[in-house]
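Taking it in order: structure first as structure tokens, then the write-up.
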Amino acid sequence: MTILDELIASLPGDVPVRSVPPGVHWTVVCSRRCGMAATLLSEHLHREKQVREVGSLHLKSARQLAELAYSAELLEASIGIAAINSLLAVAESQAVEVNASEVAASHGRGKNVALIGHFPFIEKLRGTVGKLWVFEQNPTEGEYPAESATELLRQADVVAITGSTLVNHTLDGLLALCNPDSTVMMLGPSTPLSPVLFDYGVDILSGTRVVDEMAVLRTVGQGPRSVKWKALSC
């Protein structure tokens with residue numbers, strides 16, 4: 001089974017969907033609670049559809065939308081991951097409210113650290129950790145292309161992986177490349193706060209719990225990347 005298989009199998013029941021508003025940067029599905037995922041888009045020529053049954057997604061159940069996480073169309077997969085996050089029962093008593101950058105800096109002090117994804121705290125980490133490798137599918141100056149991870153991830157003591165890798169279906173492969181002795185974090189609003197991920201080598205989950213649904217819906221719909229949410233790590 002894949003990580004997605006087990007995540008969907010672990011979902012507690014099913015509920016109707018209340019809204020499905022994809023934003024420029026974040027996609028939201030509201031069902032049992034408000035779930036989020038990064039908005040990713042497939043490359044298409046002309047005007048090919050990236051989402052099937054547009055206009056009727058709100059008539060589906062949350063579990064039906066969760067199945068979209070398997071889609072090769074990245075916008076559909078974004079909706080699917082947001083739906084999974086909207087259904088998960090999060091054990092907040094087993095989590096702490098903390099910024100992921102603080103966790104990464106604490107565990108990575110003086111060590112080799114690999115970041116899968118461009119995080120806003122990169123410069124902060126550079127003055128704290130030993131070696132720092134940043135892998136991106138579209139790397140900028142000082143970053144490494146995604147294919148370099150095959151060689152370098154084994155050398156990392158700490159690996160921080162963006163939850164968006166669930167959307168683009170690269171998470172299983174990346175986890176297989178990590179050194180078994182490394183500390184692996186998964187972070188960002190796409191990250192499911194589910195113990196399933198611990199079975200696949202993830203040690204720390206840092207995701208989000210939306211505490212003001214209307215504020216998130218309003219802000220996501222207006223386009224900004226920054227949205228206020230409660231950051232939980234477990």
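Scheme for the structure tokens: letters A, B, ... for chains in order shown; per-chain residue numbers from 1; ligand numbers from 1 in order shown.
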Need the shell around Gln155 of chain A: protein/DNA/RNA residues with any atom at most 8 Å away, counting only C-alpha atoms. Skip same-chain ones fewer than 2 positions apart. Format as a ChimeraX atom specification? /A:112,152-153,157,179
Can you write out the residues you just picked, keeping N, CA and C atoms, as a PDB file, in the first residue's frame?
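Result file again.pdb:
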ATOM      1  N   ASN A 112      23.930  18.252   9.176  1.00  0.00           N
ATOM      2  CA  ASN A 112      23.578  18.327   7.754  1.00  0.00           C
ATOM      3  C   ASN A 112      22.054  18.315   7.622  1.00  0.00           C
ATOM      4  N   LEU A 152      22.202  13.103  -2.329  1.00  0.00           N
ATOM      5  CA  LEU A 152      22.511  13.868  -1.120  1.00  0.00           C
ATOM      6  C   LEU A 152      21.641  13.563   0.091  1.00  0.00           C
ATOM      7  N   LEU A 153      20.429  13.064  -0.099  1.00  0.00           N
ATOM      8  CA  LEU A 153      19.548  12.848   1.044  1.00  0.00           C
ATOM      9  C   LEU A 153      20.126  11.868   2.056  1.00  0.00           C
ATOM     10  N   ASP A 157      21.342  14.603   8.165  1.00  0.00           N
ATOM     11  CA  ASP A 157      20.957  14.185   9.520  1.00  0.00           C
ATOM     12  C   ASP A 157      19.509  14.565   9.811  1.00  0.00           C
ATOM     13  N   ASN A 179      18.141   8.597   4.942  1.00  0.00           N
ATOM     14  CA  ASN A 179      18.918   7.723   5.829  1.00  0.00           C
ATOM     15  C   ASN A 179      18.011   7.278   6.981  1.00  0.00           C
TER      16      ASN A 179
END
Need the shell around Leu115 of chain A: protein/DNA/RNA residues with any atom at most 8 Å away, counting only C-alpha atoms. Skip same-chain ones fewer than 6 positions apart. Format as a list in words? Leu132, Trp133, Val134, Phe135, Val159, Ala160 and Ile161 of chain A
Those same residues - N, CA and C atoms - I'd like them written as a PDB file, in the first residue's frame.
ATOM      1  N   LEU A 132      23.598  22.874   4.498  1.00  0.00           N
ATOM      2  CA  LEU A 132      22.167  23.008   4.183  1.00  0.00           C
ATOM      3  C   LEU A 132      21.970  22.813   2.690  1.00  0.00           C
ATOM      4  N   TRP A 133      21.167  21.800   2.333  1.00  0.00           N
ATOM      5  CA  TRP A 133      20.821  21.555   0.937  1.00  0.00           C
ATOM      6  C   TRP A 133      19.332  21.832   0.749  1.00  0.00           C
ATOM      7  N   VAL A 134      18.999  22.641  -0.244  1.00  0.00           N
ATOM      8  CA  VAL A 134      17.602  22.949  -0.554  1.00  0.00           C
ATOM      9  C   VAL A 134      17.300  22.394  -1.935  1.00  0.00           C
ATOM     10  N   PHE A 135      16.323  21.496  -2.013  1.00  0.00           N
ATOM     11  CA  PHE A 135      15.956  20.870  -3.279  1.00  0.00           C
ATOM     12  C   PHE A 135      14.632  21.437  -3.770  1.00  0.00           C
ATOM     13  N   VAL A 159      15.925  15.938   7.694  1.00  0.00           N
ATOM     14  CA  VAL A 159      15.262  16.174   6.409  1.00  0.00           C
ATOM     15  C   VAL A 159      13.896  16.785   6.679  1.00  0.00           C
ATOM     16  N   ALA A 160      13.642  17.935   6.072  1.00  0.00           N
ATOM     17  CA  ALA A 160      12.334  18.584   6.182  1.00  0.00           C
ATOM     18  C   ALA A 160      11.674  18.550   4.809  1.00  0.00           C
ATOM     19  N   ILE A 161      10.523  17.908   4.721  1.00  0.00           N
ATOM     20  CA  ILE A 161       9.845  17.683   3.443  1.00  0.00           C
ATOM     21  C   ILE A 161       8.518  18.441   3.429  1.00  0.00           C
TER      22      ILE A 161
END
Please build the interface table for segment 118-203 of chain A against segment 20-38 of chain A with a cut-off of 10 Å, listing for each qualifying residue the nearest atom pair and the distance in Å to one decimal; count only C-alpha atoms, order rows by chain and increasing number, and write it as JSON lines.
{"residue": "A:Thr162", "atom": "CA", "partner": "A:Ala38", "partner_atom": "CA", "distance": 9.7}
{"residue": "A:Gly163", "atom": "CA", "partner": "A:Ala37", "partner_atom": "CA", "distance": 8.0}
{"residue": "A:Ser164", "atom": "CA", "partner": "A:Ala38", "partner_atom": "CA", "distance": 6.1}
{"residue": "A:Thr165", "atom": "CA", "partner": "A:Ala38", "partner_atom": "CA", "distance": 9.7}
{"residue": "A:Leu166", "atom": "CA", "partner": "A:Ala37", "partner_atom": "CA", "distance": 9.4}
{"residue": "A:Val167", "atom": "CA", "partner": "A:Ala38", "partner_atom": "CA", "distance": 7.8}
{"residue": "A:Gly188", "atom": "CA", "partner": "A:Ala37", "partner_atom": "CA", "distance": 8.4}
{"residue": "A:Pro189", "atom": "CA", "partner": "A:Ala37", "partner_atom": "CA", "distance": 5.8}
{"residue": "A:Ser190", "atom": "CA", "partner": "A:Ala37", "partner_atom": "CA", "distance": 4.0}
{"residue": "A:Thr191", "atom": "CA", "partner": "A:Ala37", "partner_atom": "CA", "distance": 7.7}
{"residue": "A:Pro192", "atom": "CA", "partner": "A:Gly35", "partner_atom": "CA", "distance": 9.1}
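Residues with any atom within 10 Å of Leu74 of chain A, counting only C-alpha atoms and excluding same-chain neighbours fewer than 6 positions away, are Ala38, Thr39, Leu40, Leu41, Ser42, Glu43, Gln50, Val51, Leu68, Gly80, Val167, Asn168 and His169 of chain A.
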Counting only C-alpha atoms, the option among A:Ala82, A:Ala146, A:Met185, A:Val202 closest to Ala105 of chain A: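 Between A:Ala82, A:Ala146, A:Met185, A:Val202, the residue approaching Ala105 of chain A most closely is A:Met185.
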Every residue of segment 3-98 of chain A that DSSP places in strand (DSSP E), as number ranges by chain: A: 26-30, 34-38, 96-97
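You can rank A:Leu205, A:Leu197, A:Leu177, A:Ile84 by their closest distance to Val17 of chain A using only C-alpha atoms, and at the top of that list sits A:Ile84.
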How far is it from atom CA of Glu73 of chain A to atom CA of Ser61 of chain A, in Å with one decimal?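 Straight-line distance from atom CA of Glu73 of chain A to atom CA of Ser61 of chain A works out to 19.7 Å.
Across the model, the gap from atom CA of Asp172 of chain A to atom CA of Ala83 of chain A is 19.7 Å.
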Would you pick out the contacts of Pro139 of chain A at 10 Å or less, using only C-alpha atoms, so that residues sharing its chain but fewer than 6 positions from it are not included, and give the list as a list in words?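 Counting only C-alpha atoms, the residues come to Gly117, His118, Pro145 and Ala146 of chain A.
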Export C-alpha atoms of the chosen residues as a PDB file, in the first residue's frame?
ATOM      1  CA  GLY A 117      10.838  22.654  -0.907  1.00  0.00           C
ATOM      2  CA  HIS A 118      11.558  26.372  -0.650  1.00  0.00           C
ATOM      3  CA  PRO A 145      17.367  20.325  -8.667  1.00  0.00           C
ATOM      4  CA  ALA A 146      15.049  17.616  -7.352  1.00  0.00           C
TER       5      ALA A 146
END
